[in-house]
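Everything below belongs to data-v9.txt, which stores compact mmCIF, C-alpha atoms and all ligand atoms.
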# COMPACT_ATOMS: atom_id res chain seq x y z
CA MET A 1404 -19.00 30.76 8.09
CA SER A 1405 -22.48 29.61 9.19
CA LYS A 1406 -23.75 26.18 8.24
CA THR A 1407 -25.53 25.63 4.91
CA ARG A 1408 -29.14 24.51 5.47
CA ALA A 1409 -29.92 21.31 3.60
CA GLY A 1410 -33.03 19.32 2.71
CA VAL A 1411 -33.29 15.72 1.48
CA LEU A 1412 -36.00 14.51 -0.92
CA GLY A 1413 -36.64 10.77 -1.00
CA ALA A 1414 -35.26 10.80 2.55
CA THR A 1415 -36.78 7.41 3.45
CA GLY A 1416 -35.13 5.50 0.56
CA SER A 1417 -31.75 3.83 0.11
CA VAL A 1418 -29.98 6.90 -1.29
CA GLY A 1419 -31.90 9.23 1.05
CA GLN A 1420 -30.71 7.28 4.10
CA ARG A 1421 -27.13 7.54 2.88
CA PHE A 1422 -27.58 11.32 2.46
CA ILE A 1423 -28.86 11.53 6.03
CA LEU A 1424 -25.86 9.66 7.43
CA LEU A 1425 -23.41 11.81 5.47
CA LEU A 1426 -25.15 15.06 6.48
CA ALA A 1427 -25.96 14.23 10.13
CA ASN A 1428 -22.64 15.22 11.67
CA HIS A 1429 -21.28 17.24 8.79
CA PRO A 1430 -19.41 20.38 9.90
CA ASP A 1431 -20.66 22.48 6.94
CA PHE A 1432 -24.33 21.44 6.64
CA GLU A 1433 -27.37 21.43 8.87
CA LEU A 1434 -30.10 19.01 7.81
CA VAL A 1435 -33.35 20.93 8.31
CA LYS A 1436 -36.01 19.35 6.05
CA LEU A 1437 -36.96 15.85 4.94
CA GLY A 1438 -39.29 14.96 2.08
CA ALA A 1439 -40.82 11.72 0.78
CA SER A 1440 -44.12 10.52 -0.72
CA SER A 1441 -47.59 11.38 0.60
CA ARG A 1442 -47.51 7.94 2.26
CA SER A 1443 -44.77 9.22 4.59
CA ALA A 1444 -45.69 12.91 4.83
CA GLY A 1445 -46.91 14.00 8.27
CA LYS A 1446 -45.13 11.14 10.07
CA LYS A 1447 -42.00 11.35 12.21
CA TYR A 1448 -38.97 10.18 10.23
CA LYS A 1449 -38.44 7.09 12.42
CA ASP A 1450 -42.05 5.98 11.77
CA ALA A 1451 -41.98 6.69 8.02
CA CYS A 1452 -38.68 5.03 7.26
CA ASN A 1453 -37.59 1.40 7.00
CA TRP A 1454 -34.02 2.17 8.15
CA LYS A 1455 -31.48 -0.31 6.73
CA GLN A 1456 -28.10 1.24 7.48
CA THR A 1457 -25.49 -0.42 9.72
CA GLU A 1458 -25.36 2.79 11.81
CA VAL A 1459 -28.44 3.84 13.84
CA ILE A 1460 -30.63 6.78 12.78
CA PRO A 1461 -28.94 9.96 14.02
CA GLU A 1462 -30.84 10.98 17.16
CA TYR A 1463 -31.93 14.46 16.09
CA ILE A 1464 -33.29 13.10 12.79
CA GLU A 1465 -35.57 10.47 14.38
CA ASN A 1466 -38.33 12.90 15.29
CA LEU A 1467 -38.07 15.31 12.36
CA PRO A 1468 -41.35 15.50 10.44
CA VAL A 1469 -41.48 14.26 6.85
CA TYR A 1470 -42.96 16.70 4.32
CA GLU A 1471 -44.46 16.25 0.89
CA CYS A 1472 -41.95 17.10 -1.84
CA LYS A 1473 -43.27 20.58 -2.67
CA SER A 1474 -40.91 23.55 -2.91
CA GLU A 1475 -43.10 25.71 -0.64
CA PHE A 1476 -42.06 23.52 2.34
CA PHE A 1477 -38.33 23.73 1.50
CA GLN A 1478 -37.82 27.49 1.11
CA ASP A 1479 -35.68 27.56 4.27
CA CYS A 1480 -33.09 25.31 2.56
CA ASP A 1481 -29.93 26.64 0.85
CA ILE A 1482 -29.54 23.35 -1.03
CA VAL A 1483 -31.70 20.27 -1.57
CA PHE A 1484 -30.38 16.74 -2.18
CA SER A 1485 -32.65 14.36 -4.07
CA GLY A 1486 -32.76 10.58 -3.78
CA LEU A 1487 -36.26 10.45 -5.27
CA ASP A 1488 -37.71 7.50 -7.11
CA ALA A 1489 -37.01 8.22 -10.80
CA ASP A 1490 -40.71 7.79 -11.64
CA PHE A 1491 -41.39 11.05 -9.77
CA ALA A 1492 -38.04 12.87 -9.56
CA GLY A 1493 -38.24 14.67 -12.91
CA VAL A 1494 -41.34 16.75 -12.23
CA ILE A 1495 -40.62 17.34 -8.52
CA GLU A 1496 -37.01 18.49 -9.02
CA GLN A 1497 -38.06 20.83 -11.84
CA GLU A 1498 -40.73 22.41 -9.63
CA PHE A 1499 -38.06 23.04 -6.95
CA ALA A 1500 -35.65 24.62 -9.46
CA ASP A 1501 -38.44 26.72 -11.02
CA ASN A 1502 -39.12 28.09 -7.55
CA GLY A 1503 -35.58 29.23 -6.83
CA LEU A 1504 -34.07 26.19 -5.11
CA GLY A 1505 -30.80 24.44 -5.97
CA VAL A 1506 -31.21 20.67 -6.34
CA ILE A 1507 -28.44 18.05 -6.46
CA SER A 1508 -30.05 14.90 -7.83
CA ASN A 1509 -29.20 11.23 -7.86
CA ALA A 1510 -32.00 10.41 -10.28
CA LYS A 1511 -31.52 9.93 -14.01
CA ASN A 1512 -34.36 12.20 -15.24
CA HIS A 1513 -32.47 15.43 -16.00
CA ARG A 1514 -29.07 13.95 -16.89
CA GLN A 1515 -29.52 14.34 -20.65
CA THR A 1516 -30.60 18.01 -20.47
CA PRO A 1517 -27.67 20.00 -21.95
CA THR A 1518 -28.16 22.91 -19.50
CA VAL A 1519 -27.97 20.54 -16.50
CA PRO A 1520 -24.39 19.63 -15.55
CA LEU A 1521 -23.73 15.91 -15.05
CA VAL A 1522 -21.00 15.92 -12.43
CA VAL A 1523 -18.60 13.38 -10.95
CA PRO A 1524 -17.07 15.85 -8.48
CA ILE A 1525 -13.59 14.26 -8.46
CA ILE A 1526 -13.52 14.45 -12.27
CA ASN A 1527 -15.46 17.28 -13.93
CA PRO A 1528 -16.31 19.95 -11.31
CA GLU A 1529 -15.56 22.52 -14.05
CA HIS A 1530 -19.04 21.73 -15.45
CA LEU A 1531 -20.44 23.48 -12.35
CA ALA A 1532 -19.56 26.71 -14.18
CA ILE A 1533 -23.07 26.42 -15.68
CA VAL A 1534 -24.52 26.86 -12.17
CA GLU A 1535 -22.08 29.64 -11.34
CA ASN A 1536 -23.09 31.54 -14.51
CA LYS A 1537 -26.78 31.08 -13.72
CA ILE A 1538 -26.37 32.36 -10.15
CA ASN A 1539 -24.29 35.35 -11.30
CA LYS A 1540 -26.94 36.20 -13.91
CA ALA A 1541 -29.68 35.96 -11.27
CA LYS A 1542 -27.73 38.37 -9.05
CA GLN A 1543 -27.48 40.86 -11.93
CA ASP A 1544 -30.95 40.70 -13.48
CA GLY A 1545 -33.12 39.13 -10.76
CA SER A 1546 -33.85 36.02 -12.84
CA ASN A 1547 -34.54 32.66 -11.19
CA LYS A 1548 -31.48 31.35 -9.31
CA GLY A 1549 -32.82 27.80 -9.04
CA PHE A 1550 -30.79 25.01 -10.65
CA ILE A 1551 -30.41 21.25 -10.99
CA VAL A 1552 -27.09 19.40 -10.92
CA CYS A 1553 -27.17 15.68 -11.69
CA ILE A 1554 -24.90 13.06 -10.22
CA SER A 1555 -23.93 10.41 -12.77
CA ASN A 1556 -24.87 6.76 -12.86
CA CYS A 1557 -22.74 4.91 -10.28
CA SER A 1558 -20.92 2.65 -12.76
CA THR A 1559 -20.21 5.60 -15.02
CA ALA A 1560 -18.59 7.48 -12.11
CA GLY A 1561 -16.08 4.65 -11.58
CA LEU A 1562 -15.41 4.37 -15.30
CA VAL A 1563 -14.65 8.02 -16.01
CA ALA A 1564 -12.61 8.59 -12.84
CA PRO A 1565 -9.30 7.17 -14.13
CA LEU A 1566 -10.02 8.04 -17.77
CA LYS A 1567 -10.31 11.83 -17.36
CA PRO A 1568 -6.73 12.40 -16.08
CA LEU A 1569 -5.46 10.14 -18.88
CA VAL A 1570 -7.40 12.10 -21.52
CA ASP A 1571 -6.12 15.40 -20.08
CA LYS A 1572 -2.53 14.14 -20.36
CA PHE A 1573 -2.45 11.84 -23.39
CA GLY A 1574 -5.32 13.15 -25.52
CA PRO A 1575 -8.80 11.91 -26.46
CA LEU A 1576 -9.94 8.29 -26.42
CA LYS A 1577 -11.07 6.42 -29.51
CA TYR A 1578 -12.44 3.13 -28.14
CA LEU A 1579 -13.63 2.18 -24.66
CA ILE A 1580 -14.96 -1.21 -23.56
CA THR A 1581 -16.11 -2.00 -20.02
CA THR A 1582 -17.58 -5.05 -18.29
CA THR A 1583 -19.03 -4.37 -14.85
CA MET A 1584 -19.59 -6.47 -11.73
CA GLN A 1585 -22.11 -4.36 -9.79
CA ALA A 1586 -23.08 -4.56 -6.13
CA VAL A 1587 -26.64 -5.30 -5.02
CA SER A 1588 -26.96 -1.98 -3.12
CA GLY A 1589 -27.12 -0.31 -6.55
CA ALA A 1590 -30.54 -1.86 -7.07
CA GLY A 1591 -31.98 -0.07 -4.01
CA PHE A 1592 -34.34 -1.45 -1.34
CA SER A 1593 -37.75 -1.46 -2.92
CA PRO A 1594 -37.82 -4.18 -4.00
CA GLY A 1595 -34.06 -4.56 -4.61
CA VAL A 1596 -32.53 -7.87 -5.73
CA GLY A 1597 -33.97 -11.02 -4.13
CA SER A 1598 -31.56 -13.26 -2.19
CA MET A 1599 -32.66 -16.34 -4.19
CA ASP A 1600 -31.79 -14.46 -7.39
CA ILE A 1601 -28.30 -13.31 -6.41
CA LEU A 1602 -26.77 -15.85 -3.98
CA ASP A 1603 -24.62 -18.41 -5.81
CA ASN A 1604 -25.29 -16.43 -8.98
CA VAL A 1605 -24.42 -13.66 -11.45
CA ILE A 1606 -27.16 -11.79 -13.33
CA PRO A 1607 -25.90 -10.62 -16.74
CA TYR A 1608 -28.40 -7.77 -17.17
CA ILE A 1609 -29.17 -4.45 -15.46
CA GLY A 1610 -31.95 -2.61 -17.27
CA GLY A 1611 -30.87 0.64 -18.95
CA GLU A 1612 -27.42 0.58 -17.34
CA GLU A 1613 -25.34 -0.12 -20.46
CA GLU A 1614 -27.00 2.69 -22.42
CA LYS A 1615 -26.42 5.13 -19.54
CA MET A 1616 -22.74 4.22 -19.28
CA GLU A 1617 -22.30 4.63 -23.01
CA TRP A 1618 -23.80 8.14 -23.34
CA GLU A 1619 -23.05 9.62 -19.89
CA THR A 1620 -19.32 9.08 -20.46
CA LYS A 1621 -19.54 11.37 -23.51
CA LYS A 1622 -21.23 14.14 -21.52
CA ILE A 1623 -18.91 13.95 -18.50
CA LEU A 1624 -15.83 14.00 -20.77
CA GLY A 1625 -17.44 16.75 -22.90
CA SER A 1626 -16.90 20.49 -22.60
CA ILE A 1627 -18.83 23.63 -21.69
CA SER A 1628 -20.33 25.64 -24.56
CA ALA A 1629 -18.80 29.03 -25.43
CA ASP A 1630 -21.67 30.91 -23.72
CA GLY A 1631 -21.22 28.88 -20.52
CA THR A 1632 -24.81 27.67 -20.33
CA SER A 1633 -24.66 24.04 -21.51
CA VAL A 1634 -22.49 20.94 -22.00
CA GLU A 1635 -21.42 19.71 -25.43
CA ASN A 1636 -21.06 15.92 -25.46
CA ILE A 1637 -18.18 14.22 -27.26
CA PRO A 1638 -19.69 13.24 -30.66
CA ASP A 1639 -20.45 9.51 -31.19
CA SER A 1640 -18.20 9.59 -34.26
CA GLU A 1641 -15.16 10.47 -32.08
CA LEU A 1642 -15.56 8.01 -29.21
CA LYS A 1643 -17.08 4.51 -29.29
CA VAL A 1644 -18.11 3.14 -25.89
CA SER A 1645 -19.34 -0.40 -25.25
CA ALA A 1646 -20.59 -1.47 -21.79
CA SER A 1647 -21.70 -4.90 -20.49
CA CYS A 1648 -23.29 -4.80 -17.03
CA ASN A 1649 -23.62 -7.65 -14.53
CA ARG A 1650 -25.04 -7.89 -10.99
CA VAL A 1651 -22.91 -9.88 -8.54
CA ALA A 1652 -23.26 -10.98 -4.90
CA VAL A 1653 -21.37 -8.01 -3.39
CA ILE A 1654 -23.09 -5.57 -1.02
CA ASP A 1655 -21.24 -2.33 -1.90
CA GLY A 1656 -18.63 -1.52 -4.56
CA HIS A 1657 -18.81 -1.75 -8.33
CA THR A 1658 -15.85 -3.44 -10.06
CA GLU A 1659 -15.18 -2.87 -13.78
CA CYS A 1660 -12.76 -4.39 -16.29
CA VAL A 1661 -11.91 -1.57 -18.68
CA SER A 1662 -10.01 -1.61 -22.02
CA PHE A 1663 -9.30 1.57 -23.98
CA SER A 1664 -7.41 3.11 -26.91
CA PHE A 1665 -6.24 6.67 -27.41
CA GLN A 1666 -6.78 8.49 -30.71
CA SER A 1667 -3.10 9.46 -30.94
CA GLU A 1668 -0.64 7.05 -32.55
CA GLU A 1669 1.92 8.07 -29.93
CA LYS A 1670 1.14 5.82 -26.94
CA PRO A 1671 2.30 6.29 -23.34
CA SER A 1672 3.96 3.40 -21.49
CA VAL A 1673 2.20 1.44 -18.73
CA ASP A 1674 4.38 3.25 -16.17
CA GLU A 1675 3.40 6.63 -17.61
CA VAL A 1676 -0.29 5.69 -17.35
CA LYS A 1677 0.14 4.65 -13.70
CA GLN A 1678 2.15 7.75 -12.87
CA CYS A 1679 -0.51 9.99 -14.42
CA LEU A 1680 -3.21 8.32 -12.28
CA ARG A 1681 -1.13 8.56 -9.10
CA GLU A 1682 -0.32 12.23 -9.65
CA TYR A 1683 -3.92 13.28 -10.33
CA GLN A 1684 -5.34 15.51 -7.64
CA CYS A 1685 -8.97 16.57 -7.91
CA GLU A 1686 -10.13 20.17 -7.47
CA ALA A 1687 -12.02 19.28 -4.27
CA THR A 1688 -8.71 18.26 -2.69
CA GLN A 1689 -7.05 21.44 -3.90
CA LEU A 1690 -9.91 23.48 -2.40
CA GLY A 1691 -9.53 21.52 0.85
CA VAL A 1692 -13.26 20.77 1.22
CA THR A 1693 -14.37 18.48 4.04
CA SER A 1694 -14.98 15.19 2.19
CA ALA A 1695 -12.27 15.50 -0.49
CA PRO A 1696 -10.14 12.36 -0.84
CA LYS A 1697 -6.46 12.74 0.09
CA GLN A 1698 -5.53 10.51 -2.86
CA THR A 1699 -8.10 10.70 -5.68
CA ILE A 1700 -7.02 7.52 -7.50
CA HIS A 1701 -5.25 4.68 -5.69
CA VAL A 1702 -3.08 2.66 -8.07
CA LEU A 1703 -2.60 -0.83 -6.62
CA GLU A 1704 0.29 -3.06 -7.63
CA GLN A 1705 -0.86 -6.42 -6.19
CA ASN A 1706 -2.15 -8.76 -8.94
CA ASP A 1707 -5.34 -9.57 -7.06
CA ARG A 1708 -6.49 -6.01 -6.28
CA PRO A 1709 -8.70 -3.97 -6.17
CA GLN A 1710 -11.34 -6.03 -4.39
CA PRO A 1711 -14.67 -4.61 -3.17
CA ARG A 1712 -14.43 -5.78 0.45
CA LEU A 1713 -10.82 -4.65 0.86
CA ASP A 1714 -10.68 -1.46 -1.18
CA ARG A 1715 -14.12 0.19 -1.45
CA ASN A 1716 -13.65 2.37 1.65
CA ARG A 1717 -10.37 4.00 0.64
CA ASP A 1718 -10.61 7.70 1.51
CA ALA A 1719 -14.02 6.96 3.07
CA GLY A 1720 -15.41 5.84 -0.30
CA TYR A 1721 -14.59 9.14 -2.06
CA ALA A 1722 -11.54 7.72 -3.91
CA VAL A 1723 -11.39 5.22 -6.77
CA SER A 1724 -9.00 2.24 -6.90
CA VAL A 1725 -7.27 1.02 -10.06
CA GLY A 1726 -5.27 -2.18 -10.47
CA ARG A 1727 -3.83 -4.54 -13.06
CA VAL A 1728 -2.88 -1.71 -15.44
CA ARG A 1729 -1.35 -3.45 -18.44
CA LYS A 1730 -1.09 -3.46 -22.23
CA ASP A 1731 -4.07 -4.89 -24.07
CA THR A 1732 -3.59 -7.10 -27.13
CA VAL A 1733 -6.60 -5.56 -28.94
CA LEU A 1734 -6.87 -1.97 -27.62
CA ASP A 1735 -4.03 0.04 -26.03
CA PHE A 1736 -4.45 -0.69 -22.29
CA LYS A 1737 -6.63 -2.57 -19.83
CA MET A 1738 -7.19 -2.19 -16.08
CA VAL A 1739 -9.57 -3.01 -13.23
CA VAL A 1740 -11.45 -0.14 -11.53
CA LEU A 1741 -13.33 -0.23 -8.21
CA SER A 1742 -15.59 2.52 -6.86
CA HIS A 1743 -18.01 2.71 -3.92
CA ASN A 1744 -21.37 2.87 -5.71
CA THR A 1745 -23.37 4.59 -2.97
CA ILE A 1746 -20.62 7.04 -1.93
CA ILE A 1747 -18.64 8.36 -4.92
CA GLY A 1748 -21.29 6.73 -7.18
CA ALA A 1749 -24.26 8.38 -5.46
CA ALA A 1750 -24.91 10.31 -2.22
CA GLY A 1751 -21.23 11.05 -1.46
CA SER A 1752 -20.85 12.71 -4.84
CA GLY A 1753 -23.84 14.90 -3.99
CA ILE A 1754 -22.20 15.99 -0.73
CA LEU A 1755 -18.88 16.69 -2.47
CA ILE A 1756 -20.63 18.78 -5.16
CA ALA A 1757 -22.35 20.82 -2.43
CA GLU A 1758 -19.04 21.29 -0.60
CA ILE A 1759 -17.47 22.63 -3.81
CA LEU A 1760 -20.44 24.99 -4.41
CA ARG A 1761 -20.14 26.20 -0.81
CA ALA A 1762 -16.37 26.70 -1.06
CA LYS A 1763 -17.05 28.89 -4.11
CA LYS A 1764 -19.77 30.78 -2.17
CA LEU A 1765 -22.45 29.70 -4.66
CA ILE A 1766 -24.71 28.32 -1.92
N1 LIG B 1 -29.44 2.72 -4.90
C1 LIG B 1 -28.37 3.28 -5.45
O1 LIG B 1 -27.21 2.94 -5.17
C2 LIG B 1 -28.52 4.38 -6.44
C3 LIG B 1 -29.78 4.95 -6.76
N2 LIG B 1 -29.84 5.99 -7.62
C4 LIG B 1 -31.10 6.67 -7.95
O2 LIG B 1 -31.54 7.39 -6.79
C5 LIG B 1 -32.97 7.37 -6.72
C6 LIG B 1 -33.42 6.73 -5.43
O3 LIG B 1 -33.01 5.37 -5.40
P1 LIG B 1 -33.24 4.47 -4.11
O4 LIG B 1 -32.89 5.25 -2.89
O5 LIG B 1 -32.54 3.21 -4.38
O6 LIG B 1 -34.86 4.29 -4.13
P2 LIG B 1 -35.84 3.85 -2.99
O7 LIG B 1 -36.98 3.17 -3.64
O8 LIG B 1 -35.11 3.18 -1.87
O9 LIG B 1 -36.40 5.30 -2.40
C7 LIG B 1 -37.28 6.12 -3.16
C8 LIG B 1 -37.65 7.38 -2.38
O10 LIG B 1 -38.57 8.15 -3.21
C9 LIG B 1 -39.74 8.44 -2.43
N3 LIG B 1 -40.93 8.50 -3.29
C10 LIG B 1 -41.52 7.48 -3.96
N4 LIG B 1 -42.60 7.93 -4.64
C11 LIG B 1 -42.68 9.25 -4.38
C12 LIG B 1 -43.58 10.28 -4.79
N5 LIG B 1 -44.64 10.04 -5.57
N6 LIG B 1 -43.37 11.54 -4.34
C13 LIG B 1 -42.33 11.81 -3.53
N7 LIG B 1 -41.44 10.87 -3.10
C14 LIG B 1 -41.61 9.62 -3.53
C15 LIG B 1 -39.86 7.32 -1.42
O11 LIG B 1 -40.65 7.76 -0.33
P3 LIG B 1 -41.65 6.74 0.46
O12 LIG B 1 -40.79 5.98 1.44
O13 LIG B 1 -42.57 7.67 1.15
O14 LIG B 1 -42.30 5.86 -0.55
C16 LIG B 1 -38.38 7.13 -1.06
O15 LIG B 1 -38.00 8.10 -0.12
C17 LIG B 1 -33.46 6.62 -7.95
O16 LIG B 1 -33.77 7.56 -8.93
C18 LIG B 1 -32.26 5.76 -8.33
O17 LIG B 1 -32.26 5.44 -9.69
C19 LIG B 1 -28.70 6.50 -8.15
C20 LIG B 1 -27.49 5.96 -7.89
C21 LIG B 1 -27.31 4.84 -7.04
N1 LIG B 2 -28.45 1.15 -11.84
C1 LIG B 2 -27.45 1.29 -10.79
C2 LIG B 2 -27.94 2.23 -9.71
C3 LIG B 2 -28.78 3.36 -10.23
O1 LIG B 2 -29.83 3.59 -9.69
O2 LIG B 2 -28.31 4.01 -11.27
P1 LIG B 2 -28.94 5.35 -11.88
O3 LIG B 2 -28.57 6.45 -10.94
O4 LIG B 2 -28.31 5.53 -13.20
O5 LIG B 2 -30.43 5.18 -11.99
C4 LIG B 2 -27.14 -0.08 -10.26
O6 LIG B 2 -27.99 -0.92 -10.44
O7 LIG B 2 -26.11 -0.35 -9.66
Output the structure of this file as structure tokens.
Amino acid sequence: MSKTRAGVLGATGSVGQRFILLLANHPDFELVKLGASSRSAGKKYKDACNWKQTEVIPEYIENLPVYECKSEFFQDCDIVFSGLDADFAGVIEQEFADNGLGVISNAKNHRQTPTVPLVVPIINPEHLAIVENKINKAKQDGSNKGFIVCISNCSTAGLVAPLKPLVDKFGPLKYLITTTMQAVSGAGFSPGVGSMDILDNVIPYIGGEEEKMEWETKKILGSISADGTSVENIPDSELKVSASCNRVAVIDGHTECVSFSFQSEEKPSVDEVKQCLREYQCEATQLGVTSAPKQTIHVLEQNDRPQPRLDRNRDAGYAVSVGRVRKDTVLDFKMVVLSHNTIIGAAGSGILIAEILRAKKLI
């Protein structure tokens, strides 16, 4: 099977750089086009970009030209990854989709659109059926095959990861409360979080984050409509979600303390909850795609785990770690969840979604 040709929008930014690293030596993808703002367009990548990764810029990327983010320049791509600034992502990504391109986006702009799947690839890849139906329709009637898939907010990805297998096994949730401790890389590079603000400190506010966690959870745990074209969110009356978000002095890895109750009066035991998490195997692993985690959810027994520095790179950042699973005195259970915010919470999810689409011959 020949390589899938990929483009990256917002290639000079924090998420864009992570996309480049993940794509550079990927056996399934060939990175052929880079896009950024008109400030960067026309320059060589190495001159346009303020590279901040611990690995050097892959050699063949250094001299690639940067293009303006217009679909006419990206028609040689089979798939386009977007790490665009959210102030501009909405319009640009729509123009790409309207002109026949498939876009996998890290930006928040299209997440609430019912016809756009919001996908955490280790959790709800079944929502990609919307894309599959659109592509099949295009093959039959010649309609536009362009699409947008959104990656969730990074904290939401970590939150839903252990909850989905539990819901599948023990039934729907009623209450969900989470308090996050989020890494500084989540705030990006421009301008990012200042060192004088975060060292020796905790900032108990991340703009818009709590609202996103509260509604995105209901879309990701929701289901596909009968006609296969949109997602139906879990109604607010059925699931109450409360999130409190904090920025802490960690570079990568979002940690969350999560308490939850099931709707059913019949409750599983703590051991049954842990067993369910350990046994869960995501579809990407079953398909055997390149970046799929071997173990989707790592259940840790040590009292002081998971910890960001020790556990964020499990399965190269594509897995989620869960620890301290125990009964809660107010809700049913509580636990600590750790996820790598720029891998499974951002660019890595985009790569995994593309690998699934490729395995299903949709790109
Ligand atoms: N940082 C993270 O961990 C996460 C970020 N996200 C989301 O991903 C997106 C990117 O975030 P991040 O990488 O941190 O942001 P950065 O600010 O680091 O990068 C923004 C990118 O957008 C480009 N850009 C800015 N303005 C325009 C424009 N008018 N037209 C075209 N391109 C433009 C920039 O190009 P140039 O260099 O030329 O200005 C740059 O490549 C955001 O929507 C963010 O919310 C999502 C999950 C996690
Ligand atoms: N807000 C997240 C990162 C982010 O950009 O999220 P979103 O993709 O929802 O905009 C953080 O600060 O850690």
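Distance annotation: of A:His1513, A:Arg1761, A:Arg1727, A:Arg1717, the residue with the minimal separation from ligand LIG 2 (chain B) is A:His1513; atom set is only C-alpha atoms and all ligand atoms.
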Quick one: residues within 10 Å of Phe1550 of chain A, only C-alpha atoms counted, chain neighbours fewer than 6 positions away excluded, as a list in words? Ile1482, Glu1496, Gln1497, Phe1499, Ala1500, Asp1501, Asn1502, Gly1503, Leu1504, Gly1505, Val1506, Ile1507, Thr1518, Val1519, Pro1520, Ile1533, Val1534, Glu1535, Lys1537 and Ile1538 of chain A
Throw together the list of residues within 7 Å of ligand LIG 1 (chain B), counting all atoms listed in the file, and drop it here as a PyMOL selection string. chain A and resi 1412-1419+1438-1443+1451-1452+1471-1472+1486-1489+1491-1492+1509-1511+1556-1557+1588-1593+1744-1745+1748-1749
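Closest approach to Thr1620 of chain A among A:Asp1603, A:Glu1669, A:Asp1639, A:Asp1735: A:Asp1639, based on only C-alpha atoms.
You can rank A:Ala1532, A:Ala1722, A:Ile1464, A:Cys1648 by their closest distance to ligand LIG 2 (chain B) using only C-alpha atoms and all ligand atoms, and at the top of that list sits A:Cys1648.
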Every residue with an atom at most 9 Å from (-0.9, -3.4, -16.3) (file coordinates; all atoms listed in the file) is what I'm after, so could you write them as a list in words?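 Here is the list of nearby residues: Val1673, Asp1674, Lys1677, Glu1704, Gly1726, Arg1727, Val1728, Arg1729, Lys1730, Asp1731, Phe1736, Lys1737 and Met1738 of chain A.
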Selected residue of minimal separation from ligand LIG 2 (chain B) among A:Lys1455, A:Lys1621, A:Lys1548, A:His1657, counting all atoms listed in the file: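 Closest to ligand LIG 2 (chain B) of all the choices is A:His1657.
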From the list A:Ala1444, A:Val1739, A:Ile1746, A:Val1723, which residue is nearest ligand LIG 2 (chain B) when using all atoms listed in the file?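 Looking only at the distances to ligand LIG 2 (chain B), the closest residue turns out to be A:Ile1746.
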Give as a PyMOL selection string every residue, naming chains and numbers as the document does, that has an atom within 12 Å of (-25.3, -15.2, -10.7), counting all atoms listed in the file. chain A and resi 1584-1587+1596-1608+1649-1653
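One finds atom CA of Ile1756 of chain A at 15.3 Å from atom CA of Arg1421 of chain A.
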Rounded to one decimal, what separation in Å do you get between atom CA of Ile1754 of chain A and atom CA of Asp1481 of chain A? 13.3 Å
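Note that the spacing between atom CA of Glu1668 of chain A and atom CA of Lys1622 of chain A amounts to 24.4 Å.
Counting all atoms listed in the file, the residue from A:Glu1619, A:Asp1630, A:Glu1433, A:Glu1682 that sits nearest to ligand LIG 2 (chain B) is A:Glu1619.
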Centre and edge lengths of an axis-aligned box around all listed atoms of segment 1562-1578 of chain A, with 5 Å added on each side, are to be given in Å to one decimal, as JSON.
{"center_x": -8.9, "center_y": 9.3, "center_z": -21.2, "size_x": 23.0, "size_y": 22.3, "size_z": 26.7}
Within 6 Å of Tyr1721 of chain A using all atoms listed in the file, minus same-chain residues under 3 positions, as a VMD selection string: chain A and resid 1696 1718 1747
